[in-house]
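Source file: upload_0.cif; contents: mmCIF, C-alpha atoms.
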```cif
data_model
loop_
_atom_site.label_atom_id
_atom_site.label_comp_id
_atom_site.auth_asym_id
_atom_site.auth_seq_id
_atom_site.Cartn_x
_atom_site.Cartn_y
_atom_site.Cartn_z
CA GLN R 403 1.10 -33.72 -152.90
CA SER R 404 3.38 -36.56 -151.82
CA LEU R 405 2.97 -35.24 -148.26
CA LEU R 406 -0.81 -35.70 -148.27
CA LEU R 407 -2.18 -38.23 -145.82
CA PRO R 408 -5.29 -40.33 -146.66
CA ILE R 409 -7.55 -38.16 -144.47
CA PRO R 410 -9.69 -35.01 -144.76
CA HIS R 411 -7.83 -31.70 -144.94
CA PHE R 412 -8.72 -28.08 -144.21
CA LEU R 413 -7.83 -24.71 -145.74
CA VAL R 414 -7.18 -22.18 -142.95
CA THR R 415 -6.55 -18.53 -143.88
CA PHE R 416 -5.05 -15.83 -141.63
CA THR R 417 -5.42 -12.22 -142.83
CA LEU R 418 -3.26 -9.31 -141.70
CA PRO R 419 -5.51 -6.43 -140.52
CA ALA R 420 -5.74 -3.39 -142.79
CA GLU R 421 -4.19 -1.21 -140.08
CA LEU R 422 -0.94 -3.19 -140.33
CA ARG R 423 -0.56 -3.16 -144.11
CA ALA R 424 1.46 0.06 -144.36
CA LEU R 425 3.82 -1.22 -141.68
CA ALA R 426 4.10 -4.57 -143.45
CA ARG R 427 4.81 -2.98 -146.82
CA SER R 428 7.72 -1.03 -145.33
CA ASN R 429 9.04 -3.97 -143.25
CA GLN R 430 8.09 -6.98 -145.32
CA LYS R 431 10.62 -9.52 -144.14
CA THR R 432 9.95 -8.84 -140.45
CA ILE R 433 6.15 -8.73 -140.65
CA TYR R 434 5.81 -11.71 -143.00
CA ASN R 435 8.02 -13.81 -140.73
CA LEU R 436 5.92 -12.81 -137.70
CA LEU R 437 2.75 -13.60 -139.63
CA PHE R 438 3.97 -17.14 -140.33
CA ARG R 439 5.22 -17.70 -136.78
CA ALA R 440 2.17 -16.32 -134.95
CA SER R 441 -0.41 -18.09 -137.13
CA ALA R 442 1.33 -21.47 -137.02
CA GLN R 443 1.78 -21.31 -133.24
CA ALA R 444 -1.83 -20.24 -132.69
CA LEU R 445 -3.31 -23.04 -134.80
CA GLN R 446 -1.09 -25.73 -133.26
CA GLN R 447 -1.87 -24.48 -129.73
CA LEU R 448 -5.65 -24.55 -130.21
CA ALA R 449 -5.51 -27.91 -132.00
CA GLN R 450 -3.76 -29.42 -128.97
CA ASP R 451 -6.92 -28.79 -126.94
CA PRO R 452 -8.60 -32.21 -126.47
CA ARG R 453 -12.01 -30.61 -127.07
CA PHE R 454 -11.04 -30.20 -130.73
CA VAL R 455 -8.20 -32.39 -132.02
CA GLY R 456 -5.90 -32.96 -129.05
CA ALA R 457 -2.90 -33.63 -131.26
CA ARG R 458 -0.09 -32.11 -133.33
CA LEU R 459 -1.27 -31.18 -136.84
CA GLY R 460 0.56 -31.15 -140.15
CA MET R 461 0.55 -27.78 -141.94
CA VAL R 462 1.89 -26.25 -145.16
CA GLY R 463 1.52 -22.46 -145.45
CA VAL R 464 1.75 -20.16 -148.47
CA LEU R 465 2.08 -16.36 -148.35
CA HIS R 466 -0.25 -14.46 -150.70
CA THR R 467 -0.12 -10.65 -150.91
CA TRP R 468 -2.42 -9.57 -153.75
CA THR R 469 -6.09 -9.23 -154.66
CA ARG R 470 -7.37 -9.73 -158.20
CA GLN R 471 -6.92 -5.98 -158.79
CA LEU R 472 -3.31 -6.16 -157.51
CA LEU R 473 -4.16 -4.36 -154.27
CA TYR R 474 -1.97 -5.09 -151.25
CA HIS R 475 -3.66 -7.67 -149.02
CA PRO R 476 -1.18 -9.94 -147.15
CA HIS R 477 -2.60 -13.22 -145.89
CA LEU R 478 -1.54 -16.83 -145.35
CA HIS R 479 -3.24 -19.95 -146.66
CA TYR R 480 -2.55 -23.20 -144.77
CA ILE R 481 -3.47 -26.68 -145.92
CA VAL R 482 -3.92 -28.56 -142.63
CA THR R 483 -4.36 -32.23 -141.77
CA GLY R 484 -7.72 -33.19 -140.30
CA GLY R 485 -6.08 -34.81 -137.30
CA GLY R 486 -2.65 -35.39 -135.82
CA LEU R 487 -0.40 -37.37 -133.51
CA THR R 488 -0.97 -37.25 -129.77
CA ALA R 489 1.88 -36.98 -127.27
CA ALA R 490 1.50 -40.73 -126.77
CA GLY R 491 2.11 -41.36 -130.47
CA ARG R 492 -1.48 -42.24 -131.40
CA TRP R 493 -3.44 -40.83 -134.32
CA ARG R 494 -6.40 -38.66 -133.39
CA ALA R 495 -8.76 -37.45 -136.11
CA SER R 496 -10.69 -34.18 -136.18
CA ARG R 497 -14.28 -34.04 -137.32
CA LYS R 498 -14.59 -34.27 -141.11
CA ASP R 499 -16.20 -30.83 -141.43
CA PHE R 500 -14.69 -28.96 -138.46
CA LEU R 501 -11.13 -28.42 -137.29
CA VAL R 502 -11.04 -25.69 -134.63
CA PRO R 503 -13.36 -22.73 -133.81
CA VAL R 504 -12.11 -19.63 -135.65
CA LYS R 505 -13.65 -17.33 -133.02
CA ALA R 506 -11.27 -18.86 -130.49
CA LEU R 507 -8.36 -19.01 -132.96
CA SER R 508 -8.55 -15.30 -133.85
CA PRO R 509 -7.62 -13.85 -130.42
CA ILE R 510 -4.83 -16.41 -129.97
CA PHE R 511 -3.41 -15.42 -133.37
CA ARG R 512 -3.67 -11.73 -132.46
CA ALA R 513 -1.95 -12.27 -129.08
CA LYS R 514 0.86 -14.34 -130.61
CA PHE R 515 1.49 -11.67 -133.23
CA ARG R 516 1.46 -8.90 -130.61
CA ASP R 517 3.94 -10.78 -128.41
CA GLU R 518 6.27 -11.35 -131.36
CA LEU R 519 5.99 -7.73 -132.52
CA LYS R 520 6.95 -6.53 -129.02
CA LYS R 521 10.37 -8.10 -129.60
CA THR R 522 10.99 -5.64 -132.47
CA ASP R 523 11.26 -1.86 -132.63
CA LEU R 524 8.04 -1.68 -134.68
CA PHE R 525 5.58 -2.24 -131.81
CA ALA R 526 5.29 1.46 -130.92
CA ALA R 527 4.10 2.22 -134.46
CA VAL R 528 0.87 0.22 -133.97
CA ALA R 529 -2.28 1.88 -132.63
CA PRO R 530 -3.43 0.27 -129.32
CA HIS R 531 -7.00 -0.30 -130.58
CA LEU R 532 -5.68 -2.92 -133.03
CA TRP R 533 -5.12 -5.34 -130.15
CA ARG R 534 -8.81 -5.11 -129.20
CA LYS R 535 -10.43 -5.65 -132.60
CA ASP R 536 -11.25 -9.01 -134.18
CA TRP R 537 -8.68 -10.42 -136.60
CA VAL R 538 -9.97 -12.37 -139.59
CA VAL R 539 -9.36 -16.12 -139.64
CA HIS R 540 -11.25 -18.50 -141.93
CA SER R 541 -11.38 -22.30 -141.99
CA GLU R 542 -13.10 -24.65 -144.41
CA PRO R 543 -12.91 -28.39 -145.21
CA VAL R 544 -11.26 -29.21 -148.57
CA GLY R 545 -11.65 -32.98 -148.79
CA SER R 546 -8.47 -34.89 -149.63
CA GLY R 547 -6.47 -31.66 -150.04
CA GLU R 548 -5.49 -32.31 -153.67
CA GLN R 549 -7.67 -29.54 -155.09
CA ALA R 550 -6.46 -27.14 -152.41
CA PHE R 551 -2.86 -27.74 -153.49
CA LYS R 552 -3.83 -27.05 -157.12
CA TYR R 553 -5.54 -23.85 -155.97
CA LEU R 554 -2.41 -22.64 -154.15
CA ALA R 555 0.13 -23.69 -156.79
CA PRO R 556 -0.19 -20.51 -158.93
CA TYR R 557 0.58 -18.36 -155.87
CA ILE R 558 3.87 -20.20 -155.47
CA PHE R 559 5.23 -20.22 -159.00
CA ARG R 560 3.74 -17.10 -160.60
CA VAL R 561 3.93 -13.36 -160.06
CA ALA R 562 0.96 -11.16 -159.12
CA ILE R 563 -0.42 -10.92 -162.66
CA SER R 564 0.10 -13.05 -165.76
CA ASN R 565 0.76 -11.56 -169.20
CA ASN R 566 -2.51 -12.84 -170.66
CA ARG R 567 -4.46 -10.58 -168.26
CA LEU R 568 -2.73 -7.46 -169.63
CA LEU R 569 -5.01 -6.07 -172.35
CA LYS R 570 -3.52 -2.77 -173.50
CA LEU R 571 -1.32 0.23 -172.77
CA LYS R 572 -2.77 3.39 -174.30
CA GLU R 573 -2.16 7.06 -173.51
CA GLY R 574 -0.38 6.16 -170.30
CA GLN R 575 -3.18 3.88 -169.07
CA VAL R 576 -2.75 0.15 -168.42
CA THR R 577 -5.87 -1.99 -168.77
CA PHE R 578 -6.00 -5.51 -167.34
CA ALA R 579 -8.67 -8.14 -166.79
CA TYR R 580 -9.75 -9.67 -163.51
CA LYS R 581 -12.61 -11.76 -162.16
CA GLU R 582 -14.83 -10.16 -159.55
CA SER R 583 -14.71 -12.30 -156.39
CA ALA R 584 -18.42 -12.17 -155.56
CA THR R 585 -19.79 -12.92 -159.04
CA GLU R 586 -16.81 -14.43 -160.92
CA GLN R 587 -17.68 -12.04 -163.76
CA LEU R 588 -14.83 -10.82 -165.97
CA LYS R 589 -14.11 -7.12 -165.42
CA HIS R 590 -11.57 -4.62 -166.72
CA CYS R 591 -9.45 -2.24 -164.63
CA SER R 592 -7.69 0.80 -166.15
CA ILE R 593 -5.06 2.68 -164.14
CA THR R 594 -2.06 4.84 -164.91
CA ALA R 595 1.18 3.08 -165.82
CA GLU R 596 2.79 4.48 -162.66
CA GLU R 597 -0.02 3.14 -160.47
CA PHE R 598 0.20 -0.25 -162.20
CA ILE R 599 3.95 -0.41 -161.50
CA ARG R 600 3.34 0.64 -157.88
CA ARG R 601 0.74 -2.07 -157.35
CA PHE R 602 2.87 -4.72 -159.03
CA LEU R 603 6.06 -3.96 -157.09
CA GLN R 604 4.26 -4.28 -153.74
CA HIS R 605 4.17 -8.04 -154.36
CA VAL R 606 7.87 -8.53 -155.10
CA LEU R 607 9.14 -10.39 -152.04
CA PRO R 608 12.39 -9.64 -150.19
CA PRO R 609 15.48 -11.47 -151.58
CA ARG R 610 15.61 -15.18 -150.68
CA PHE R 611 12.35 -14.94 -148.73
CA ILE R 612 10.74 -18.38 -148.24
CA LYS R 613 7.03 -18.07 -149.06
CA VAL R 614 6.13 -21.76 -148.52
CA ARG R 615 6.68 -23.17 -145.02
CA TYR R 616 5.95 -26.48 -143.30
CA TYR R 617 4.99 -27.07 -139.66
CA GLY R 618 4.13 -29.90 -137.30
CA LEU R 619 3.94 -33.31 -138.96
CA LEU R 620 4.89 -31.77 -142.32
CA SER R 621 8.00 -30.01 -141.01
CA PRO R 622 11.20 -31.36 -142.65
CA ALA R 623 12.61 -31.94 -139.16
CA GLN R 624 9.61 -34.12 -138.21
CA ARG R 625 9.39 -36.45 -141.20
CA GLN R 626 9.72 -39.46 -138.89
CA LEU R 627 6.42 -38.38 -137.29
CA LEU R 628 4.82 -38.12 -140.73
CA LEU R 629 6.00 -41.65 -141.50
CA LYS R 630 4.56 -42.87 -138.19
CA ALA R 631 1.23 -41.16 -138.95
CA ARG R 632 1.13 -42.78 -142.41
CA GLN R 633 1.76 -46.20 -140.86
CA LEU R 634 -0.97 -45.72 -138.25
CA LEU R 635 -3.48 -44.58 -140.89
CA SER R 636 -2.73 -47.52 -143.16
#
```
As C-alpha cells - that is how I would like this structure written.
Amino acid sequence: QSLLLPIPHFLVTFTLPAELRALARSNQKTIYNLLFRASAQALQQLAQDPRFVGARLGMVGVLHTWTRQLLYHPHLHYIVTGGGLTAAGRWRASRKDFLVPVKALSPIFRAKFRDELKKTDLFAAVAPHLWRKDWVVHSEPVGSGEQAFKYLAPYIFRVAISNNRLLKLKEGQVTFAYKESATEQLKHCSITAEEFIRRFLQHVLPPRFIKVRYYGLLSPAQRQLLLKARQLLS
C-alpha cells in the first residue's frame, strides 16, 4: 500500500483461455511467465495511446489459479494507476471510470502471448482456432486502490483453501464449503479424497516462482519515476 499514489486505480484481469489450461498445468513456469509478460506489455502498449492515457502506467500483478471449488482457472489480477508519466516527464491522468477499452486490449494480449509462445517448443501444441477467438480481459475502477489490495492479499499469502472451509472427511469423501459467485450463498461440495488432492495440488506453484510482479512506475528498477510522479501529484 505504500506504493499507492493519491489517484484513482483500476483492477484489470487477464484470463487464460480454457483451451490453454491443460498446457499450462503441464508447463506452469513457462506459461505463467508468458502470461505475466504478454499481459503487462499489452496493457502498457495500449495505455501509451494518447486517445486513452498516453503515458506509462504503474502496475502490480498477482497470479491466481483457483475458483471457489478449487477448479483450475489461471488468471492475473493487476492493480493499475489511473494515469502515468509521459515521455516528457509530465503526469497524465486517465478518466476516473475508464482506463483503456478491453475490446482493444484483448487482441493485443492474445497477439503478445502468441508471439511469446512461438519462442518455445509448445506452440505446435495449440489449436490454430485459439488465435482467432476472443480472450477475456476485464477492467473496473476501484477507487483509491486500498480495498483492491485487501482483496488480493489472501491470494498472495494463503493456499487455495483454508482449513476452516474443510467440513468433514467421511467414507473417502471430502466436504468443503464455498460461496457461489453469482449469489454469494454458502454451498457445500463433496468429492473423493483423491479428487480433492488432485484439485489442491494444481495450485501449488513451481519452486521459487514469483507470483507478485511490478511493472512500469511500480517496477523496482523505476522507483525514481514513482518518486517523480508522487512529487508531480502533490
### Task
Name every residue that the PyMOL selection byres ((chain R and resi 499) around 8) selects in this structure, writing the answer as a list in words with chains first and numbers rising.
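Checking the PyMOL selection byres ((chain R and resi 499) around 8) against this file, the residues are Arg497, Lys498, Phe500, Leu501, Glu542 and Pro543 of chain R.
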### Message
Starting from the PyMOL selection byres ((chain R and resi 628-636) around 7), expand the selection into actual residues of this file and give them as JSON, numbers by chain.
### Response
{"R": [407, 487, 493, 619, 620, 624, 625, 626, 627]}
Explicit residue set for the PyMOL selection byres ((chain R and resi 475) around 12), as a compact mmCIF listing (two decimals) with C-alpha atoms, in the coordinates of the input:
```txt
# COMPACT_ATOMS: atom_id res chain seq x y z
CA PHE R 416 -5.05 -15.83 -141.63
CA THR R 417 -5.42 -12.22 -142.83
CA LEU R 418 -3.26 -9.31 -141.70
CA PRO R 419 -5.51 -6.43 -140.52
CA ALA R 420 -5.74 -3.39 -142.79
CA GLU R 421 -4.19 -1.21 -140.08
CA LEU R 422 -0.94 -3.19 -140.33
CA ARG R 423 -0.56 -3.16 -144.11
CA ALA R 424 1.46 0.06 -144.36
CA ALA R 426 4.10 -4.57 -143.45
CA ARG R 427 4.81 -2.98 -146.82
CA TYR R 434 5.81 -11.71 -143.00
CA LEU R 465 2.08 -16.36 -148.35
CA HIS R 466 -0.25 -14.46 -150.70
CA THR R 467 -0.12 -10.65 -150.91
CA TRP R 468 -2.42 -9.57 -153.75
CA THR R 469 -6.09 -9.23 -154.66
CA ARG R 470 -7.37 -9.73 -158.20
CA GLN R 471 -6.92 -5.98 -158.79
CA LEU R 472 -3.31 -6.16 -157.51
CA LEU R 473 -4.16 -4.36 -154.27
CA TYR R 474 -1.97 -5.09 -151.25
CA PRO R 476 -1.18 -9.94 -147.15
CA HIS R 477 -2.60 -13.22 -145.89
CA LEU R 478 -1.54 -16.83 -145.35
CA ALA R 562 0.96 -11.16 -159.12
CA ARG R 601 0.74 -2.07 -157.35
CA GLN R 604 4.26 -4.28 -153.74
CA HIS R 605 4.17 -8.04 -154.36
```
### Message
Show me the residues around (-1.6, -2.8, -161.8) - criterion: an atom at most 12 Å away, all atoms listed in the file counted - as a PyMOL selection string.
### Response
chain R and resi 468-474+562-565+567-571+575-580+590-605
List every residue of segment 499-585 of chain R that has an atom at most 10 Å from any atom of segment 606-616 of chain R, and for each one report the closest atom pair and its distance in Å to one decimal, counting all atoms listed in the file, with rows sorted by chain and then by increasing residue number, as a tab-separated table.
```
residue	atom	partner	partner_atom	distance
R:Tyr557	CA	R:Lys613	CA	9.4
R:Ile558	CA	R:Lys613	CA	7.5
R:Val561	CA	R:Val606	CA	8.0
R:Ala562	CA	R:Val606	CA	8.4
```
### Query
Which one is closest to Gln450 of chain R: R:Ala513, R:Ala495, R:Ile433, R:Ile409? Count all atoms listed in the file.
R:Ala495
